[in-house]
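Peer 1: Structure in structure tokens, see below.
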Amino acid sequence: MAHLKLGEILIQQGIITEDQLKEAIASQKQTKGRIGEVLIKQGVVTEDDIVVALATQFLLPYSSKKNDLLKPQLNQNLEKLVPREFAEKNIVLPLSAGDKVLTVAVYDPLDLMLNDNLKKISGCEINLVLATKTDIIKAMESFYGIIKTSGGALLGQAVQNTYDAETTANTALTHESESSSQEAQLSLDKLIAKAEEAPVIKLVDLIIRQAIDERASDIHIEPFKDRIRLRYRIDGSLYDIPPPARHLHLPIVSRIKILSKLDIAEKRLPQDGAIGAKLENRTVDLRVSTIPTVWGEKVVMRILDKDAVPLELSRLGFDGQQLELLRKSLKSPYGLFFVTGPTGSGKSTTLYSALNETIDPRKNVMTVEDPVEFKIEGINQVGIKSEIGLTFASALRAFLRQDPDVIMVGEVRDLETAQICVRAALTGHFVLSTLHTNDASSAVTRLLDIGIESYLLTPSLIMIVAQRLARRLCQKCKEPYEPTEEQTGGLKFKSDLIYRAKGCHECNHTGYKGRVVIPEVLPIDDTIRQLIAKKATYTDIRDAARKNGMLTLFESGLRRVEDGLTSLDEILSITAMM
């Protein structure tokens, strides 16, 4: 039953009814707490009921005072593996140790970072046993003596749409404010100690958790002289979030570096790492980048949540004709399929969605990426490591000796990679990749410009998709209006009325919620092939494609405006009128 939700398990166990669950879900939408906490507050379940259900959900053993399993083994130095102070702050009890494996009792299996911290302080792999917070505290008193726990509810209880992180930090910590120069002189041991204090751990957890709840794609933590700036990128735009206090910058950055396995002592050079966070019943990957600025290190975390992004072409926003053209090209046994656009235009999502269409148990599918963004079951994925010579080109050469049917290349950056992709396509492989160009037609001229011969490109290229992402109008509050001729620039629409953003509680008063793809789909037919063979200009290729029915980015955008999916202002801001 690990795939079942907590509420479904409680219903199956006869503890709550469907009506009680519906009532709790309705309340949860207002309070933003976890469903278990809501049910406890409503008095329909006990703390024991929730922990037993969580144990069932995550296939973990359940321990309690009643079954006499909350008794730490003696003479195993457990109090050294999990020091009293750490146990007090995190409400965790060591039970046994052996063969580099530590068994501990916890009350929250969804804690993002506790497992990682336990590994670090004990040097062991961690086995979890679930118990109620009350039972753990009582058992800790027997094991450690009288203790003072720092309390701390489940992480989800602290997460709200708006919060004052600075107030939280200032009440939880008693550090004196330190200047940038003083911070830089902190010893490495002191840095690690500060980063692993419970309030800092919870603050980083909170920042990450709220970003995920707000559907953010990136988290920006930026230091300035007397403040920290915290911003989330939501639907392509950056929004300021109430930040922590300035003196917490260094501990926060150090904590993030520890989690992403970066060198916390190195502050002069940019670094890249990754964090894998378990959130409820799904895993979210975070790609971490740090860079030194005049006021300290800036951190950007890219959130890669496969469950939040539909990796299906039919759900990305392509219209019926465009979808049909894409699927026809993806059925080809060989050829080159490119997705183009600037950074942040959704190329990776479209590429993975296209790749999903090609997955077949009878095919050998291989990818080389920098880094691997989404891990997909059933395909072989390789992340490049330039420092040891594993580049796109070297990985591709190795792939060709691995009997592949489908190859995905994260990005074509140079002539060598492009040449190998073309040759692979010509020798019976289907190759998908991305390019950084403004539209589909210019992708052809880019490949020719970097040195691909036209006689090789002509038979290998089968499809180019250019795209942008437009913010989707909030369907709750969008309002119709009749634009003036000055606003439309003389453009004609099917109806006199189109929609614009207004703003409501549902969309945080932005007028937009979510994004929709604005595509330019260019199938390579005989007409386009003849132009490629002649090394025709970008304009000639674009004009021929439009005669064949291709919609430009701007024209696709206008279709989305007519359908009420986005606004005219949004399309004019992301595409060139033509």
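Residue numbers start at 1 in each chain; chains themselves are named A, B, ... in the order of the structure tokens; ligands are numbered from 1 in the order shown.
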Please return, as a PyMOL selection string, all residues of region 17-99 of chain A that DSSP assigns to helix (DSSP H, G or I) on the basis of the backbone.
Peer 2: chain A and resi 18-31+35-41+47-57+78-81+84-90
Peer 1: Store the residues picked out above, limited to N, CA and C atoms, as a tab-separated table (two decimals), in the first residue's frame.
Peer 2:
chain	number	residue	atom	x	y	z
A	18	GLU	N	-14.94	8.57	4.55
A	18	GLU	CA	-14.65	9.41	3.38
A	18	GLU	C	-15.10	10.86	3.62
A	19	ASP	N	-16.23	11.03	4.30
A	19	ASP	CA	-16.72	12.39	4.60
A	19	ASP	C	-15.75	13.14	5.51
A	20	GLN	N	-15.21	12.43	6.49
A	20	GLN	CA	-14.23	13.07	7.39
A	20	GLN	C	-12.96	13.47	6.63
A	21	LEU	N	-12.56	12.61	5.68
A	21	LEU	CA	-11.38	12.94	4.88
A	21	LEU	C	-11.65	14.16	4.00
A	22	LYS	N	-12.81	14.21	3.37
A	22	LYS	CA	-13.15	15.36	2.52
A	22	LYS	C	-13.16	16.66	3.33
A	23	GLU	N	-13.72	16.57	4.55
A	23	GLU	CA	-13.75	17.75	5.42
A	23	GLU	C	-12.34	18.19	5.79
A	24	ALA	N	-11.46	17.22	6.06
A	24	ALA	CA	-10.07	17.54	6.42
A	24	ALA	C	-9.33	18.15	5.23
A	25	ILE	N	-9.57	17.63	4.03
A	25	ILE	CA	-8.91	18.17	2.82
A	25	ILE	C	-9.35	19.61	2.59
A	26	ALA	N	-10.63	19.88	2.79
A	26	ALA	CA	-11.13	21.25	2.63
A	26	ALA	C	-10.46	22.18	3.64
A	27	SER	N	-10.30	21.71	4.88
A	27	SER	CA	-9.64	22.51	5.90
A	27	SER	C	-8.15	22.68	5.59
A	28	GLN	N	-7.55	21.63	5.03
A	28	GLN	CA	-6.11	21.67	4.70
A	28	GLN	C	-5.80	22.76	3.69
A	29	LYS	N	-6.72	22.97	2.74
A	29	LYS	CA	-6.50	24.00	1.72
A	29	LYS	C	-6.40	25.39	2.34
A	30	GLN	N	-7.05	25.57	3.49
A	30	GLN	CA	-7.00	26.86	4.16
A	30	GLN	C	-5.77	26.98	5.05
A	31	THR	N	-5.46	25.90	5.79
A	31	THR	CA	-4.38	25.97	6.77
A	31	THR	C	-3.01	25.65	6.20
A	35	ILE	N	-2.20	16.63	6.10
A	35	ILE	CA	-3.53	16.07	6.33
A	35	ILE	C	-3.60	15.38	7.68
A	36	GLY	N	-2.49	14.75	8.09
A	36	GLY	CA	-2.48	14.08	9.40
A	36	GLY	C	-2.67	15.06	10.53
A	37	GLU	N	-1.99	16.23	10.44
A	37	GLU	CA	-2.11	17.24	11.49
A	37	GLU	C	-3.53	17.79	11.56
A	38	VAL	N	-4.15	17.96	10.38
A	38	VAL	CA	-5.52	18.47	10.34
A	38	VAL	C	-6.47	17.49	11.01
A	39	LEU	N	-6.30	16.21	10.70
A	39	LEU	CA	-7.18	15.18	11.29
A	39	LEU	C	-7.02	15.10	12.80
A	40	ILE	N	-5.77	15.25	13.29
A	40	ILE	CA	-5.54	15.23	14.73
A	40	ILE	C	-6.23	16.42	15.39
A	41	LYS	N	-6.08	17.61	14.78
A	41	LYS	CA	-6.72	18.81	15.33
A	41	LYS	C	-8.24	18.67	15.36
A	47	GLU	N	-2.56	10.52	17.58
A	47	GLU	CA	-1.17	10.56	17.11
A	47	GLU	C	-0.72	9.16	16.71
A	48	ASP	N	-1.13	8.15	17.50
A	48	ASP	CA	-0.78	6.76	17.18
A	48	ASP	C	-1.37	6.34	15.83
A	49	ASP	N	-2.63	6.72	15.58
A	49	ASP	CA	-3.27	6.35	14.31
A	49	ASP	C	-2.47	6.84	13.12
A	50	ILE	N	-2.00	8.10	13.20
A	50	ILE	CA	-1.26	8.69	12.08
A	50	ILE	C	0.07	7.99	11.87
A	51	VAL	N	0.80	7.73	12.94
A	51	VAL	CA	2.12	7.09	12.81
A	51	VAL	C	1.98	5.67	12.28
A	52	VAL	N	0.96	4.93	12.74
A	52	VAL	CA	0.73	3.58	12.22
A	52	VAL	C	0.42	3.63	10.72
A	53	ALA	N	-0.39	4.60	10.31
A	53	ALA	CA	-0.73	4.74	8.89
A	53	ALA	C	0.50	5.13	8.07
A	54	LEU	N	1.33	6.03	8.62
A	54	LEU	CA	2.56	6.40	7.92
A	54	LEU	C	3.49	5.20	7.78
A	55	ALA	N	3.57	4.38	8.82
A	55	ALA	CA	4.39	3.17	8.75
A	55	ALA	C	3.89	2.24	7.65
A	56	THR	N	2.57	2.14	7.51
A	56	THR	CA	1.99	1.33	6.45
A	56	THR	C	2.29	1.94	5.08
A	57	GLN	N	2.16	3.27	4.99
A	57	GLN	CA	2.38	3.96	3.71
A	57	GLN	C	3.81	3.80	3.22
A	78	LEU	N	25.68	4.23	21.57
A	78	LEU	CA	24.64	4.94	20.82
A	78	LEU	C	24.62	6.43	21.16
A	79	GLU	N	24.92	6.76	22.43
A	79	GLU	CA	24.89	8.17	22.84
A	79	GLU	C	26.00	8.96	22.18
A	80	LYS	N	27.05	8.28	21.67
A	80	LYS	CA	28.11	8.98	20.92
A	80	LYS	C	27.74	9.09	19.44
A	81	LEU	N	27.08	8.06	18.91
A	81	LEU	CA	26.66	8.11	17.50
A	81	LEU	C	25.59	9.18	17.29
A	84	ARG	N	23.37	13.63	22.66
A	84	ARG	CA	22.17	14.08	23.36
A	84	ARG	C	21.61	15.38	22.78
A	85	GLU	N	22.49	16.36	22.52
A	85	GLU	CA	22.03	17.66	22.01
A	85	GLU	C	21.31	17.51	20.68
A	86	PHE	N	21.88	16.68	19.79
A	86	PHE	CA	21.24	16.46	18.48
A	86	PHE	C	19.89	15.78	18.66
A	87	ALA	N	19.84	14.78	19.56
A	87	ALA	CA	18.59	14.07	19.80
A	87	ALA	C	17.52	15.00	20.34
A	88	GLU	N	17.91	15.90	21.25
A	88	GLU	CA	16.96	16.85	21.83
A	88	GLU	C	16.37	17.77	20.76
A	89	LYS	N	17.24	18.27	19.90
A	89	LYS	CA	16.79	19.23	18.88
A	89	LYS	C	15.89	18.58	17.83
A	90	ASN	N	16.16	17.31	17.51
A	90	ASN	CA	15.47	16.68	16.39
A	90	ASN	C	14.46	15.62	16.81
Peer 1: Please identify all polymer residues within 7 Å of region 107-117 of chain A, counting only C-alpha atoms, omitting same-chain residues fewer than 6 positions from it, and present them as a list in words.
Peer 2: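 Skipping anything fewer than 6 positions along the chain leaves Ile126, Leu130, Ala131, Thr132, Lys133, Leu154, Asp205, Ala277, Lys278, Leu279 and Glu280 of chain A.
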Peer 1: Write out as a compact mmCIF listing (two decimals) with C-alpha atoms, in the first residue's frame which residues come within 7 Å of His436 (chain A) when counting only C-alpha atoms, dropping same-chain ones fewer than 4 positions away.
Peer 2:
# COMPACT_ATOMS: atom_id res chain seq x y z
CA THR A 340 15.40 25.16 -29.99
CA GLY A 341 14.90 28.26 -27.89
CA PRO A 342 16.60 30.41 -25.26
Peer 1: Would you mind telling me which residue in A:Val382, A:Leu60, A:Val521, A:Val365 lies nearest to Gly320 (chain A) when using only C-alpha atoms?
Peer 2: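 Nearest candidate to Gly320 (chain A) out of A:Val382, A:Leu60, A:Val521, A:Val365: A:Val521.
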Peer 1: I need the residue nearest Ser96 (chain A) from this list: A:Pro72, A:Pro83, A:Gly335, A:Gly389. Use only C-alpha atoms for the distance.
Peer 2: A:Pro72
